[in-house]
Amino acid sequence: MRLLIKNGRVIDPASATDETLDILIEKKKIIAVETKLDDDAARTIDASRKVVAPGFIDMHVHLRDPGYEYKETIKTGSLAAARGGFTTIACMPNTSPINDNQEVTKYIVGESRKNAVVNVLPIAAVTLGEKGEELTEMGELLAAGAVAFSDDGQPVASSQIMRRALEYARQFRTVIIDHCEDKSLSGQGVMNEGAISYRLGLKGIPASSEEVMVARDLILAEEADAGIHLAHLSTRGSVELVRQAKARGVKVTAEVAPHHLVLDDSLLEGYDTRLKVNPPLRSLDDVRALQEGARDGTIDVIATDHAPHSPDEKAVEFDLAPFGINGLETAVSLILDRLVHRKILPLKRFIEMFSTAPARILHLDEKGMIEVGADADLTILSLNQNTVVDVDRFRSRSRNSPLQGWKLKGAADMTIVGGRIIYP
Amino acid sequence: MAFEHKHLLGIEPLSASDITHILDTAESMAEISTREVKKVPVLRGKTIINLFYEASTRTRSSFELAAKRLSADISNFSRSTSSVAKGETLKDTILNLEAMNTDAIVIRHASSGSPHFISTFCTSAVVNAGDGTHEHPTQALLDAFTIRRHRKKIKGLKVVIVGDILHSRVARSNLLLLNKLGAHVVLVGPPPLLPREFSGMGAEVEYDLNRALDGADVVMMLRIQLERQKKIYFPSIREYRELFSLTPQKFRRAKRDAILMHPGPINRDVEISADLADSARSVILEQVQNGVSVRMAVLYLLLGGKEREITD
């Protein structure tokens, strides 16, 4: 069965394409991209007035499976991804048990094959148990299906271990992803340290807790001549450090989460635990610096850090609530509305950050592009569709979004994975 | 004049006239505590819960006596005797207590914002009796009440607050209140315990106690919370005392009639010399006494007592 997508505005940053084209798909692959295609036997989709982009890839999600299935499962997380316009997601290893061995990786791969509607790519731990002491068997984990390595949530504290991990990973086609946080500086902090945390009497997480680690990682990567990907940058200082490192040729890539691009710490006045996230929402000045970094290419990727938590877990004192924002089903609309429509981020750059860049960083050679022979993963966007965030309609098992009730313009209209329409 | 607030979550939501209204009401309450029969029936039939998740002597007893002098029924819960010890969440605890038809919940909790959190779902009036390092509004009100009794007007006074500002809910509530009433507040402490961002909250930030004390009308010493310090904010009590303890010699820099305050409990000869704490200039015990009047006023205003009944 062939699928023909007609009259869409095809934007493919990889080939610098932005024109009205028809796309023909057969057997999970794109087999033709032409100005005018006709195929009576194919199922035809009219994409007039829509934007057709390479399938969006979220390289930073928490699927909670195995171990915390009451928050999310591979199945529900993948349904949420599909609804949000994502065709591929990469899941972090801080499950229970932690994904630091082939068995867990194989479980995720097998479960995804059976129950997931999008491509699910496991990110395995850098160190056993995310304890920061002994390296995992990266070669075997890659063979089992892992695509990258990260101790997300429990960042590698020891500079020595991080240095060896970066060196060791160089022999493979993979990348180390670091969540940059010096826990001795962030301590028991629950929000951004600054005028607002002092007023609210909440313990602060200083910008330095992230920036110290960003600087360390850049120095180590440069010395080892190894690649590194820095997760969810949140401060002006981090953006500046990455900008300087890129200028001198360090093999660094960086991501930012949608909430850090839009929300700032002044929103915490009401102690709303839905806004409790790590790294924390920073100052408006940091938000502006992140937007600038996204625009000028210092930051490569937008990744949601989708972190589902059950309603009961968030319905507690601010100090006790877990960190995390549910992101898969709001990211595309939020960024379209707040950044693209407001001319802060060009549309092409938006698509690049959601598809081309993560595909390149994760070495997904047949994704992140629209050309003959590429995987038939496509995200079709309706730029002017008005939506209202309603957590009760989430396909995610959790509801922890601070954007409840937000009116947003622009949405993922259709999600196609391997030539199959999985949403709507 | 009506008091338009359902809860007392902090000083921040109050206007200057709200504050003056509470203080004026407290003046009429003060008289009740001097009577032979220290009780009026204005809150008869009202049920108040004193929910204390943190240790407290003064505040808990003060709220209890305040409620009783207004004839309300009050029940005390503390962390160790409640189901919290069995792992019940704060939300469940509140919902269960409210199922017994409570009218007000007085809460002290180690987590900042807890009273705000419970006010989002409970129907009783919520009174913040100290939340983490955020606010302690009735302490600031009783401090203002005490200052007013010695100085008539708060506007224009120089008030110096000394100690661990970072972790002090008393300092925050006092700063907010005194600013709203037009006082000039100077905060003093070791830099790690006094972030410069406090100047953005309307305070003068000063690290030299002697300089800060010049011409002060009110000096408020805060307890150094020995249990909280792990020698990362300052190296030793010995050095702290040298730099920030109030001695008679340093106190001479303040105005001749300056008053000395402390929210208690005091560490004698740590933040304040024992002689000074017991001196005529010290109003520490007056603060405690006034606490009952101020809390009577707060409960009375929140639970909708009628003005004339007090004097009946």
# chains A, B, ... in the order shown; residues from 1 in each chain; ligands from 1
call {"tool": "interface_residues", "arguments": {"of": "chain B", "to": "chain A", "cutoff": "8 Å", "atoms": "only C-alpha atoms", "output": "CSV table (one decimal) with N, CA, C and O atoms, in the first residue's frame"}}
result
chain,number,residue,atom,x,y,z
B,89,THR,N,-0.3,11.9,53.6
B,89,THR,CA,0.1,13.2,53.0
B,89,THR,C,-0.6,14.4,53.7
B,89,THR,O,-1.6,14.2,54.3
B,90,LEU,N,0.0,15.5,53.5
B,90,LEU,CA,-0.6,16.8,54.1
B,90,LEU,C,-2.0,17.0,53.5
B,90,LEU,O,-2.9,17.3,54.3
B,91,LYS,N,-2.2,16.7,52.2
B,91,LYS,CA,-3.5,16.9,51.7
B,91,LYS,C,-4.5,16.0,52.3
B,91,LYS,O,-5.6,16.4,52.7
B,111,SER,N,8.0,23.2,55.2
B,111,SER,CA,8.1,23.5,53.7
B,111,SER,C,7.4,24.9,53.4
B,111,SER,O,6.2,25.0,53.6
B,112,SER,N,8.2,25.7,52.8
B,112,SER,CA,7.7,27.0,52.4
B,112,SER,C,6.5,26.8,51.4
B,112,SER,O,6.6,26.0,50.6
B,113,GLY,N,5.5,27.6,51.6
B,113,GLY,CA,4.3,27.6,50.7
B,113,GLY,C,3.3,26.5,51.1
B,113,GLY,O,2.3,26.4,50.4
B,114,SER,N,3.5,25.8,52.1
B,114,SER,CA,2.5,24.8,52.5
B,114,SER,C,1.1,25.4,52.8
B,114,SER,O,0.1,24.8,52.4
B,116,HIS,N,-0.2,28.0,51.4
B,116,HIS,CA,-0.7,28.3,50.1
B,116,HIS,C,-1.3,27.1,49.4
B,116,HIS,O,-2.3,27.1,48.8
B,117,PHE,N,-0.5,26.0,49.6
B,117,PHE,CA,-0.9,24.7,49.0
B,117,PHE,C,-2.2,24.3,49.6
B,117,PHE,O,-3.2,24.0,48.8
B,132,GLY,N,8.3,27.2,56.6
B,132,GLY,CA,9.6,27.0,56.2
B,132,GLY,C,10.5,28.3,56.4
B,132,GLY,O,10.5,28.8,57.5
B,133,THR,N,11.1,28.7,55.4
B,133,THR,CA,11.9,30.0,55.5
B,133,THR,C,11.2,31.1,54.7
B,133,THR,O,11.8,32.0,54.2
B,134,HIS,N,9.8,31.0,54.7
B,134,HIS,CA,9.1,32.0,53.9
B,134,HIS,C,8.5,33.1,54.8
B,134,HIS,O,9.1,34.2,54.8
B,135,GLU,N,7.4,32.8,55.5
B,135,GLU,CA,6.8,33.9,56.2
B,135,GLU,C,6.3,33.4,57.6
B,135,GLU,O,6.1,32.2,57.8
B,166,LEU,N,18.8,34.6,55.7
B,166,LEU,CA,18.5,33.7,54.6
B,166,LEU,C,17.4,32.7,55.1
B,166,LEU,O,16.5,32.4,54.4
B,167,HIS,N,17.6,32.1,56.3
B,167,HIS,CA,16.7,31.1,56.8
B,167,HIS,C,15.5,31.6,57.6
B,167,HIS,O,14.8,30.8,58.3
B,169,ARG,N,12.1,33.2,58.4
B,169,ARG,CA,10.7,33.7,58.0
B,169,ARG,C,10.3,34.9,58.8
B,169,ARG,O,9.5,35.7,58.3
B,172,ARG,N,11.7,37.9,56.9
B,172,ARG,CA,10.9,38.2,55.7
B,172,ARG,C,9.6,38.9,56.0
B,172,ARG,O,9.3,39.9,55.4
B,197,GLU,N,20.5,40.1,47.1
B,197,GLU,CA,19.2,40.2,46.5
B,197,GLU,C,18.1,40.8,47.5
B,197,GLU,O,17.1,41.3,47.0
B,198,PHE,N,18.4,40.7,48.8
B,198,PHE,CA,17.4,41.3,49.7
B,198,PHE,C,17.3,42.8,49.5
B,198,PHE,O,16.3,43.3,49.9
B,200,GLY,N,16.7,44.2,46.8
B,200,GLY,CA,15.6,44.3,45.9
B,200,GLY,C,14.3,44.2,46.6
B,200,GLY,O,13.3,44.5,46.0
B,201,MET,N,14.3,43.7,47.8
B,201,MET,CA,13.0,43.6,48.5
B,201,MET,C,12.8,44.8,49.4
B,201,MET,O,11.9,44.7,50.3
call {"tool": "select_by_dssp", "arguments": {"residues": "region 112-233 of chain B", "states": "helix (DSSP H, G or I)", "output": "JSON, numbers by chain"}}
result
{"B": [114, 115, 116, 117, 118, 119, 137, 138, 139, 140, 141, 142, 143, 144, 145, 146, 147, 148, 149, 150, 151, 169, 170, 171, 172, 173, 174, 175, 176, 177, 178, 179, 180, 191, 192, 193, 196, 197, 198, 199, 200, 201, 209, 210, 211, 212, 213]}
call {"tool": "residues_around", "arguments": {"residues": "region 7-13 of chain B", "least_positions_apart": "5", "cutoff": "7 Å", "atoms": "only C-alpha atoms", "output": "list in words"}}
result
Pro115, His116, Ala125, Val126, Val127, Asn128, Glu135, His136, Pro137, Ser173, Leu176, Leu177 and Leu302 of chain B
call {"tool": "residues_around", "arguments": {"residues": "region 51-53 of chain A", "least_positions_apart": "3", "cutoff": "8 Å", "atoms": "only C-alpha atoms", "output": "list in words"}}
result
Gly8, Arg9, Val10, Ile11, Asp12, Ala47, Phe56, Ile351, Ile370, Leu378, Thr379, Ile380, Leu381, Ser382 and Leu383 of chain A
call {"tool": "write_last_selection", "arguments": {"atoms": "all heavy atoms", "output": "CSV table (one decimal), in the first residue's frame"}}
result
chain,number,residue,atom,x,y,z
A,8,GLY,N,1.6,19.7,-0.1
A,8,GLY,CA,2.1,20.2,1.2
A,8,GLY,C,3.3,21.1,0.9
A,8,GLY,O,4.0,21.0,-0.1
A,9,ARG,N,3.5,22.1,1.8
A,9,ARG,CA,4.7,22.9,1.8
A,9,ARG,C,5.8,22.1,2.5
A,9,ARG,O,5.8,21.9,3.7
A,9,ARG,CB,4.5,24.2,2.5
A,9,ARG,CG,5.7,25.1,2.6
A,9,ARG,CD,5.5,26.4,3.3
A,9,ARG,NE,6.7,27.1,3.6
A,9,ARG,CZ,6.8,28.1,4.5
A,9,ARG,NH1,5.8,28.5,5.2
A,9,ARG,NH2,8.0,28.7,4.7
A,10,VAL,N,6.7,21.5,1.7
A,10,VAL,CA,7.7,20.6,2.2
A,10,VAL,C,8.9,21.4,2.7
A,10,VAL,O,9.5,22.1,1.9
A,10,VAL,CB,8.1,19.5,1.2
A,10,VAL,CG1,9.3,18.7,1.7
A,10,VAL,CG2,6.9,18.6,0.9
A,11,ILE,N,9.2,21.3,3.9
A,11,ILE,CA,10.4,22.0,4.4
A,11,ILE,C,11.4,21.0,5.0
A,11,ILE,O,11.1,20.2,5.9
A,11,ILE,CB,10.1,23.0,5.6
A,11,ILE,CG1,9.1,24.1,5.0
A,11,ILE,CG2,11.3,23.7,6.1
A,11,ILE,CD1,8.7,25.1,6.1
A,12,ASP,N,12.5,20.8,4.3
A,12,ASP,CA,13.5,19.9,4.7
A,12,ASP,C,14.9,20.6,4.9
A,12,ASP,O,15.6,20.8,3.9
A,12,ASP,CB,13.6,18.7,3.7
A,12,ASP,CG,14.7,17.8,4.1
A,12,ASP,OD1,14.9,17.5,5.3
A,12,ASP,OD2,15.4,17.2,3.2
A,47,ALA,N,-2.4,17.7,1.7
A,47,ALA,CA,-1.7,18.5,2.7
A,47,ALA,C,-1.6,20.0,2.3
A,47,ALA,O,-0.7,20.7,2.7
A,47,ALA,CB,-0.3,18.0,2.9
A,56,PHE,N,9.5,14.4,13.5
A,56,PHE,CA,10.2,15.1,14.7
A,56,PHE,C,10.7,14.0,15.6
A,56,PHE,O,10.1,12.9,15.8
A,56,PHE,CB,9.2,16.0,15.4
A,56,PHE,CG,9.0,17.3,14.7
A,56,PHE,CD1,9.5,17.6,13.5
A,56,PHE,CD2,8.2,18.3,15.4
A,56,PHE,CE1,9.3,18.8,12.9
A,56,PHE,CE2,8.0,19.5,14.8
A,56,PHE,CZ,8.6,19.8,13.5
A,351,ILE,N,12.1,23.5,12.6
A,351,ILE,CA,12.1,22.2,12.1
A,351,ILE,C,13.4,21.5,12.2
A,351,ILE,O,13.5,20.3,12.6
A,351,ILE,CB,11.6,22.2,10.6
A,351,ILE,CG1,10.1,22.6,10.6
A,351,ILE,CG2,11.8,20.8,9.9
A,351,ILE,CD1,9.5,22.9,9.2
A,370,ILE,N,13.9,14.6,4.2
A,370,ILE,CA,12.8,14.1,3.2
A,370,ILE,C,13.5,14.0,1.9
A,370,ILE,O,13.8,14.9,1.1
A,370,ILE,CB,11.7,15.2,3.1
A,370,ILE,CG1,11.0,15.3,4.5
A,370,ILE,CG2,10.7,14.8,2.0
A,370,ILE,CD1,9.9,16.3,4.6
A,378,LEU,N,7.2,11.3,8.9
A,378,LEU,CA,6.9,12.7,8.6
A,378,LEU,C,6.0,13.3,9.7
A,378,LEU,O,5.2,12.6,10.3
A,378,LEU,CB,6.2,12.7,7.2
A,378,LEU,CG,6.9,12.3,6.0
A,378,LEU,CD1,6.0,12.1,4.8
A,378,LEU,CD2,8.1,13.2,5.7
A,379,THR,N,6.2,14.6,9.9
A,379,THR,CA,5.3,15.3,10.8
A,379,THR,C,4.7,16.4,9.9
A,379,THR,O,5.4,17.2,9.3
A,379,THR,CB,6.2,16.0,11.9
A,379,THR,OG1,6.8,14.9,12.7
A,379,THR,CG2,5.3,16.8,12.8
A,380,ILE,N,3.4,16.4,9.9
A,380,ILE,CA,2.6,17.4,9.2
A,380,ILE,C,2.1,18.4,10.2
A,380,ILE,O,1.4,18.1,11.1
A,380,ILE,CB,1.5,16.8,8.3
A,380,ILE,CG1,2.1,15.8,7.4
A,380,ILE,CG2,0.7,17.8,7.6
A,380,ILE,CD1,1.2,15.0,6.5
A,381,LEU,N,2.4,19.7,9.9
A,381,LEU,CA,2.0,20.8,10.8
A,381,LEU,C,0.9,21.6,10.2
A,381,LEU,O,0.9,22.0,9.1
A,381,LEU,CB,3.3,21.6,11.1
A,381,LEU,CG,4.5,20.9,11.7
A,381,LEU,CD1,5.7,21.8,11.5
A,381,LEU,CD2,4.3,20.6,13.1
A,382,SER,N,0.1,22.1,11.1
A,382,SER,CA,-0.9,23.0,10.8
A,382,SER,C,-0.6,24.3,11.6
A,382,SER,O,-0.8,24.4,12.8
A,382,SER,CB,-2.3,22.5,11.1
A,382,SER,OG,-3.3,23.5,10.9
A,383,LEU,N,0.0,25.3,10.9
A,383,LEU,CA,0.6,26.4,11.6
A,383,LEU,C,-0.4,27.3,12.3
A,383,LEU,O,-0.1,27.9,13.3
A,383,LEU,CB,1.5,27.2,10.7
A,383,LEU,CG,2.7,26.5,10.0
A,383,LEU,CD1,3.5,27.5,9.2
A,383,LEU,CD2,3.6,25.9,11.1
call {"tool": "residues_around", "arguments": {"residues": "region 153-157 of chain A", "least_positions_apart": "2", "cutoff": "9 Å", "atoms": "only C-alpha atoms", "output": "ChimeraX atom specification"}}
result
/A:94,126-127,130-133,150-151,159-162,178-183,213,278
call {"tool": "atom_distance", "arguments": {"atom1": "CA of Asp375 (chain A)", "atom2": "CA of Lys28 (chain A)"}}
result
6.0 Å
call {"tool": "select_by_dssp", "arguments": {"residues": "region 214-295 of chain A", "states": "strand (DSSP E or B)", "output": "NGL selection string"}}
result
:A and (228-230 or 252-256)
call {"tool": "residues_around", "arguments": {"residues": "Val277 (chain A)", "least_positions_apart": "6", "cutoff": "12 Å", "atoms": "only C-alpha atoms", "output": "PDB file with C-alpha atoms, in the first residue's frame"}}
result
ATOM      1  CA  GLY A 153      19.171  12.661  36.704  1.00  0.00           C
ATOM      2  CA  GLY A 189      17.385  23.352  46.010  1.00  0.00           C
ATOM      3  CA  VAL A 190      13.922  23.283  44.454  1.00  0.00           C
ATOM      4  CA  MET A 191      13.869  26.358  42.188  1.00  0.00           C
ATOM      5  CA  ASN A 192      16.142  28.874  40.517  1.00  0.00           C
ATOM      6  CA  ILE A 205      19.566  26.045  42.638  1.00  0.00           C
ATOM      7  CA  HIS A 232      18.536  20.846  28.722  1.00  0.00           C
ATOM      8  CA  SER A 234      18.912  26.549  31.220  1.00  0.00           C
ATOM      9  CA  ALA A 257      13.635  22.144  26.744  1.00  0.00           C
ATOM     10  CA  HIS A 259       9.599  25.101  29.044  1.00  0.00           C
ATOM     11  CA  HIS A 260      12.985  26.765  29.478  1.00  0.00           C
ATOM     12  CA  LEU A 263       8.585  30.036  31.151  1.00  0.00           C
ATOM     13  CA  ASP A 264      10.522  31.914  33.827  1.00  0.00           C
ATOM     14  CA  ASP A 265      10.824  31.686  37.591  1.00  0.00           C
ATOM     15  CA  LEU A 268       6.494  30.170  40.868  1.00  0.00           C
ATOM     16  CA  THR A 304      11.131  17.965  25.877  1.00  0.00           C
ATOM     17  CA  ASP A 305      12.669  16.200  28.897  1.00  0.00           C
ATOM     18  CA  HIS A 306       9.151  14.709  29.098  1.00  0.00           C
ATOM     19  CA  ALA A 307       8.935  13.721  32.764  1.00  0.00           C
ATOM     20  CA  PRO A 308       5.572  12.234  33.675  1.00  0.00           C
ATOM     21  CA  HIS A 309       4.503  12.074  37.322  1.00  0.00           C
ATOM     22  CA  LYS A 314       2.612  16.438  42.568  1.00  0.00           C
ATOM     23  CA  PHE A 318       6.594  22.184  47.034  1.00  0.00           C
ATOM     24  CA  ASP A 319       9.746  20.816  48.711  1.00  0.00           C
ATOM     25  CA  ALA A 321       7.127  17.237  44.891  1.00  0.00           C
ATOM     26  CA  PRO A 322       9.179  15.433  42.248  1.00  0.00           C
ATOM     27  CA  PHE A 323      10.866  17.445  39.498  1.00  0.00           C
ATOM     28  CA  GLY A 324       9.432  17.202  36.007  1.00  0.00           C
ATOM     29  CA  ILE A 325       7.085  18.527  33.351  1.00  0.00           C
ATOM     30  CA  ASN A 326       4.999  16.473  30.946  1.00  0.00           C
ATOM     31  CA  GLY A 327       6.156  17.730  27.561  1.00  0.00           C
ATOM     32  CA  ASN A 400       1.595  17.188  35.035  1.00  0.00           C
ATOM     33  CA  SER A 401       1.613  20.134  32.661  1.00  0.00           C
ATOM     34  CA  PRO A 402       1.746  23.739  33.845  1.00  0.00           C
TER      35      PRO A 402
END
call {"tool": "residues_around", "arguments": {"residues": "Val389 (chain A)", "least_positions_apart": "5", "cutoff": "7 Å", "atoms": "only C-alpha atoms", "output": "list in words"}}
result
Leu403, Gln404, Gly405, Trp406 and Lys407 of chain A
